[in-house]
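Text of my_file02.txt, listed as compact mmCIF, C-alpha atoms:
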```txt
# COMPACT_ATOMS: atom_id res chain seq x y z
CA MET A 20 86.41 -81.17 125.19
CA SER A 21 87.04 -77.65 123.89
CA ILE A 22 84.26 -76.35 121.64
CA LYS A 23 84.94 -73.27 119.55
CA ILE A 24 82.21 -71.35 117.75
CA ARG A 25 82.89 -69.17 114.73
CA LYS A 26 81.00 -67.53 111.88
CA ALA A 27 80.83 -69.60 108.72
CA LEU A 28 82.91 -68.60 105.71
CA SER A 29 82.29 -68.94 102.01
CA SER A 30 84.85 -71.76 102.02
CA ASP A 31 82.62 -73.79 104.40
CA ALA A 32 80.13 -74.41 101.59
CA SER A 33 80.72 -78.18 101.38
CA PHE A 34 80.19 -78.76 105.12
CA LEU A 35 77.17 -76.46 105.21
CA ALA A 36 75.60 -78.32 102.28
CA GLN A 37 75.96 -81.62 104.15
CA MET A 38 74.36 -80.17 107.28
CA ILE A 39 71.50 -78.50 105.36
CA LEU A 40 70.72 -81.77 103.59
CA LYS A 41 70.88 -83.75 106.84
CA SER A 42 68.55 -81.27 108.53
CA SER A 43 66.03 -81.20 105.69
CA ARG A 44 65.81 -84.98 105.50
CA ALA A 45 65.63 -85.43 109.28
CA GLY A 46 65.79 -89.21 109.07
CA LYS A 47 63.49 -89.40 106.01
CA LYS A 48 64.48 -90.70 102.58
CA ILE A 49 63.90 -87.28 101.06
CA GLY A 50 63.54 -83.70 102.25
CA MET A 51 62.41 -80.41 100.78
CA PHE A 52 65.57 -79.90 98.74
CA ASP A 53 65.14 -83.28 97.06
CA LEU A 54 62.00 -81.81 95.47
CA ILE A 55 64.05 -79.02 93.89
CA PHE A 56 67.13 -80.97 92.86
CA THR A 57 67.52 -84.62 91.79
CA THR A 58 70.38 -86.97 92.74
CA ASP A 59 72.30 -86.79 96.03
CA GLU A 60 75.29 -85.37 94.17
CA ASP A 61 73.09 -82.79 92.46
CA VAL A 62 71.49 -81.78 95.77
CA LEU A 63 74.84 -81.30 97.51
CA ASN A 64 76.41 -79.44 94.58
CA ASN A 65 73.50 -77.04 94.33
CA LEU A 66 73.28 -76.53 98.09
CA GLU A 67 76.95 -75.55 98.04
CA LYS A 68 76.17 -72.97 95.38
CA LEU A 69 73.12 -71.80 97.31
CA THR A 70 75.27 -70.93 100.33
CA ASN A 71 77.28 -68.51 98.18
CA THR A 72 74.72 -66.69 96.04
CA THR A 73 74.58 -62.92 95.83
CA ALA A 74 70.99 -63.09 97.05
CA LYS A 75 71.19 -63.48 100.84
CA ASN A 76 68.80 -66.43 101.08
CA SER A 77 68.15 -68.43 104.26
CA CYS A 78 70.88 -70.93 103.32
CA HIS A 79 73.54 -68.25 102.77
CA PHE A 80 76.80 -68.95 104.60
CA SER A 81 76.61 -65.59 106.40
CA ASN A 82 73.62 -66.89 108.40
CA PHE A 83 75.56 -69.81 109.89
CA LEU A 84 77.67 -70.48 112.94
CA ILE A 85 79.99 -73.48 112.95
CA ALA A 86 81.16 -75.46 115.97
CA HIS A 87 84.72 -76.79 115.97
CA VAL A 88 86.29 -79.52 118.09
CA ASN A 89 90.03 -80.07 117.69
CA GLY A 90 89.96 -78.06 114.48
CA LYS A 91 87.17 -80.16 112.94
CA SER A 92 83.78 -78.77 111.92
CA VAL A 93 81.23 -80.77 113.92
CA GLY A 94 78.03 -78.73 114.08
CA THR A 95 76.02 -75.85 112.64
CA LEU A 96 73.23 -73.45 113.50
CA CYS A 97 71.57 -71.14 110.99
CA SER A 98 69.76 -68.01 112.12
CA TYR A 99 68.12 -65.63 109.68
CA GLU A 100 65.74 -62.71 109.61
CA PRO A 101 62.51 -63.69 107.79
CA ARG A 102 61.91 -60.08 106.78
CA ILE A 103 65.21 -60.20 104.84
CA ALA A 104 65.53 -63.85 103.78
CA THR A 105 62.09 -63.97 102.17
CA ARG A 106 60.70 -66.61 99.82
CA GLU A 107 61.27 -64.17 96.95
CA VAL A 108 64.95 -63.91 97.86
CA PHE A 109 65.17 -67.71 98.02
CA LEU A 110 63.66 -68.03 94.52
CA GLU A 111 66.08 -65.34 93.33
CA ALA A 112 68.99 -67.35 94.74
CA LEU A 113 67.74 -70.50 93.00
CA SER A 114 67.46 -68.59 89.74
CA GLU A 115 71.03 -67.39 90.28
CA ILE A 116 72.27 -71.00 90.23
CA GLY A 117 70.14 -71.86 87.22
CA VAL A 118 67.06 -73.38 88.89
CA ASP A 119 63.50 -72.24 88.23
CA ALA A 120 61.39 -73.43 91.16
CA LYS A 121 58.34 -71.18 90.82
CA ASP A 122 56.00 -74.06 89.97
CA ASN A 123 57.88 -76.69 91.97
CA GLU A 124 56.26 -79.02 94.53
CA PHE A 125 58.47 -77.31 97.09
CA ILE A 126 56.50 -74.06 96.71
CA LYS A 127 53.15 -75.85 96.77
CA ILE A 128 54.07 -77.47 100.09
CA LEU A 129 55.21 -74.15 101.53
CA ASP A 130 51.91 -72.58 100.52
CA ALA A 131 49.91 -75.40 102.09
CA CYS A 132 51.93 -76.10 105.22
CA ASP A 133 53.90 -73.02 106.23
CA PHE A 134 53.21 -70.85 109.27
CA ASN A 135 52.51 -67.15 109.13
CA LEU A 136 55.76 -66.18 110.84
CA ASN A 137 56.18 -62.92 112.70
CA THR A 138 58.84 -61.10 110.68
CA ARG A 139 60.07 -59.35 113.82
CA THR A 140 61.45 -62.61 115.16
CA LEU A 141 64.63 -64.49 114.35
CA VAL A 142 64.33 -67.94 112.78
CA PHE A 143 66.63 -70.80 113.77
CA ASP A 144 67.26 -73.64 111.35
CA VAL A 145 69.80 -76.37 110.51
CA MET A 146 70.73 -77.07 114.13
CA GLU A 147 72.85 -80.12 113.43
CA GLU A 148 75.86 -81.98 114.78
CA LEU A 149 77.87 -84.84 113.37
CA ASP A 150 77.26 -88.38 114.60
CA GLY A 151 79.73 -89.09 117.38
CA PHE A 152 79.40 -85.61 118.86
CA LEU A 153 75.92 -85.86 120.31
CA ASP A 154 75.20 -84.58 123.82
CA VAL A 155 78.59 -82.96 124.40
CA GLY A 156 77.27 -79.40 124.50
CA ILE A 157 77.72 -78.43 120.85
CA LEU A 158 74.11 -77.37 120.26
CA LYS A 159 73.99 -75.44 123.53
CA ASN A 160 77.17 -73.55 122.66
CA LEU A 161 75.88 -72.73 119.18
CA MET A 162 72.58 -71.52 120.62
CA GLN A 163 74.21 -69.33 123.28
CA LYS A 164 76.43 -67.63 120.71
CA SER A 165 73.54 -67.12 118.29
CA LEU A 166 71.27 -65.66 121.00
CA LEU A 167 74.00 -63.22 122.02
CA THR A 168 74.18 -61.96 118.43
CA ALA A 169 70.37 -61.82 118.23
CA ARG A 170 70.16 -59.66 121.36
CA LEU A 171 72.65 -57.22 119.88
CA LYS A 172 70.39 -56.93 116.84
CA GLY A 173 67.43 -56.15 119.08
CA TYR A 174 65.60 -59.46 118.81
CA ARG A 175 63.81 -60.93 121.82
CA ILE A 176 62.03 -63.92 120.27
CA ALA A 177 63.42 -66.79 118.21
CA GLN A 178 61.29 -69.30 116.32
CA THR A 179 61.91 -72.61 114.63
CA MET A 180 59.92 -75.30 112.83
CA VAL A 181 60.24 -79.03 113.47
CA GLU A 182 58.44 -81.90 111.79
CA ILE A 183 55.72 -83.64 113.74
CA GLY A 184 57.31 -86.93 114.78
CA SER A 185 60.92 -85.66 114.82
CA LEU A 186 61.13 -86.43 118.52
CA ASP A 187 64.91 -86.08 118.93
CA THR A 188 65.02 -82.67 117.26
CA LEU A 189 61.96 -81.52 119.20
CA LEU A 190 63.59 -82.65 122.44
CA ASP A 191 66.84 -80.85 121.57
CA TYR A 192 65.00 -77.56 121.11
CA LYS A 193 62.92 -78.03 124.27
CA LYS A 194 66.09 -78.70 126.27
CA LEU A 195 67.33 -75.32 125.03
CA GLY A 196 64.18 -73.59 126.27
CA PHE A 197 61.88 -73.57 123.23
CA LYS A 198 58.15 -74.07 123.76
CA GLU A 199 55.50 -75.30 121.34
CA VAL A 200 53.34 -72.49 119.93
CA GLU A 201 51.34 -74.07 117.12
CA THR A 202 50.96 -77.36 115.29
CA LYS A 203 49.94 -77.56 111.64
CA GLU A 204 48.96 -80.88 110.11
CA CYS A 205 49.21 -80.91 106.35
CA ASP A 206 47.96 -83.59 103.96
CA LEU A 207 50.39 -82.59 101.21
CA TYR A 208 53.33 -82.84 103.62
CA ARG A 209 52.17 -86.25 104.83
CA GLU A 210 51.70 -87.47 101.25
CA LYS A 211 55.19 -86.43 100.19
CA PHE A 212 57.27 -87.08 103.32
CA GLY A 213 55.26 -89.44 105.50
CA ARG A 214 55.16 -86.90 108.34
CA ALA A 215 51.92 -85.32 109.55
CA GLY A 216 53.13 -81.71 109.31
CA LEU A 217 55.08 -79.17 111.35
CA VAL A 218 55.38 -77.81 114.87
CA LEU A 219 56.23 -74.15 115.48
CA LEU A 220 58.34 -73.46 118.57
CA ALA A 221 59.40 -70.17 120.12
CA TYR A 222 62.00 -69.01 122.63
CA LYS A 223 61.82 -65.68 124.47
CA PHE A 224 65.10 -64.22 125.69
```

Structure re-expressed in structure tokens:
Amino acid sequence: MSIKIRKALSSDASFLAQMILKSSRAGKKIGMFDLIFTTDEDVLNNLEKLTNTTAKNSCHFSNFLIAHVNGKSVGTLCSYEPRIATREVFLEALSEIGVDAKDNEFIKILDACDFNLNTRTLVFDVMEELDGFLDVGILKNLMQKSLLTARLKGYRIAQTMVEIGSLDTLLDYKKLGFKEVETKECDLYREKFGRAGLVLLAYKF
């Protein structure tokens, strides 16, 4: 199977929105973006817009790599610089698409459950592949390409956050060389999503 990796384009917005939503829900009924938007259609439509805002938020298409098999988009990996894609930039992007989330539950959960990330690291997110393409090397190829780009930018550490209990996702990252750094249990997260909190993982390269 030939896997090709390329940078995402503005025109990939629909596929990126599907992958972002899948990643945020991680097998749950709802995820973080369901707290900002409402129906499934509303979530997907707004995530598409979010990938193309002027504000370079963490969901911006320019942060994504896409894996292709036989010309079909089958996987994604997002990598962003937390010193650039800040929470303020994310709120600015939401405002750009007509959403005011300053007092949203989303922000309250971030305040209560987020890690104090080192802004000199690169953050990986939305590492997803379509059903039917599991364990064929897609995630490894995406990671290798992303790490190559990170090295060129001068980064030597990558971090990611995984929900406590998301065993498959945790295993995928550990297979790629990530190690657990910190665990944060969070009552607000448990109350809203039924998961105990988050695990912070890091990879030195």

Quick one: which stretch 124-187 of chain A residues come within 9 Å of stretch 32-44 of chain A, and what is the nearest atom pair for each with the distance in Å to one decimal, counting only C-alpha atoms, rows ordered by chain and ascending number, as CSV?
```
residue,atom,partner,partner_atom,distance
A:Asp144,CA,A:Ser42,CA,8.2
A:Val145,CA,A:Ser42,CA,5.4
A:Met146,CA,A:Ser42,CA,7.3
A:Glu147,CA,A:Met38,CA,6.3
A:Glu148,CA,A:Met38,CA,7.9
A:Leu149,CA,A:Met38,CA,8.4
```

Measuring atom to atom with only C-alpha atoms, identify which of A:Ala177, A:Ala86, A:Ile22, A:Leu153 is nearest to A:Ser98.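 Of all the options, A:Ala177 lies closest to A:Ser98.
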
What does the structure give for the distance between atom CA of A:Asn71 and atom CA of A:Ile85, in Å to one decimal?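 Atom-to-atom, atom CA of A:Asn71 to atom CA of A:Ile85, that is 15.8 Å.
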
Non-local contacts of A:Phe56 (12 Å; all atoms listed in the file; under 6 positions in same chain excluded) as a PyMOL selection string: chain A and resi 40+49-50+62-66+69+113+116-120+123-125

Extract, using all atoms listed in the file, all DNA, RNA and protein residues at most 9 Å from A:Ala74, discarding same-chain residues fewer than 6 positions from it, and format them as a list in words. Ala104, Val108, Phe109, Glu111, Ala112 and Glu115 of chain A
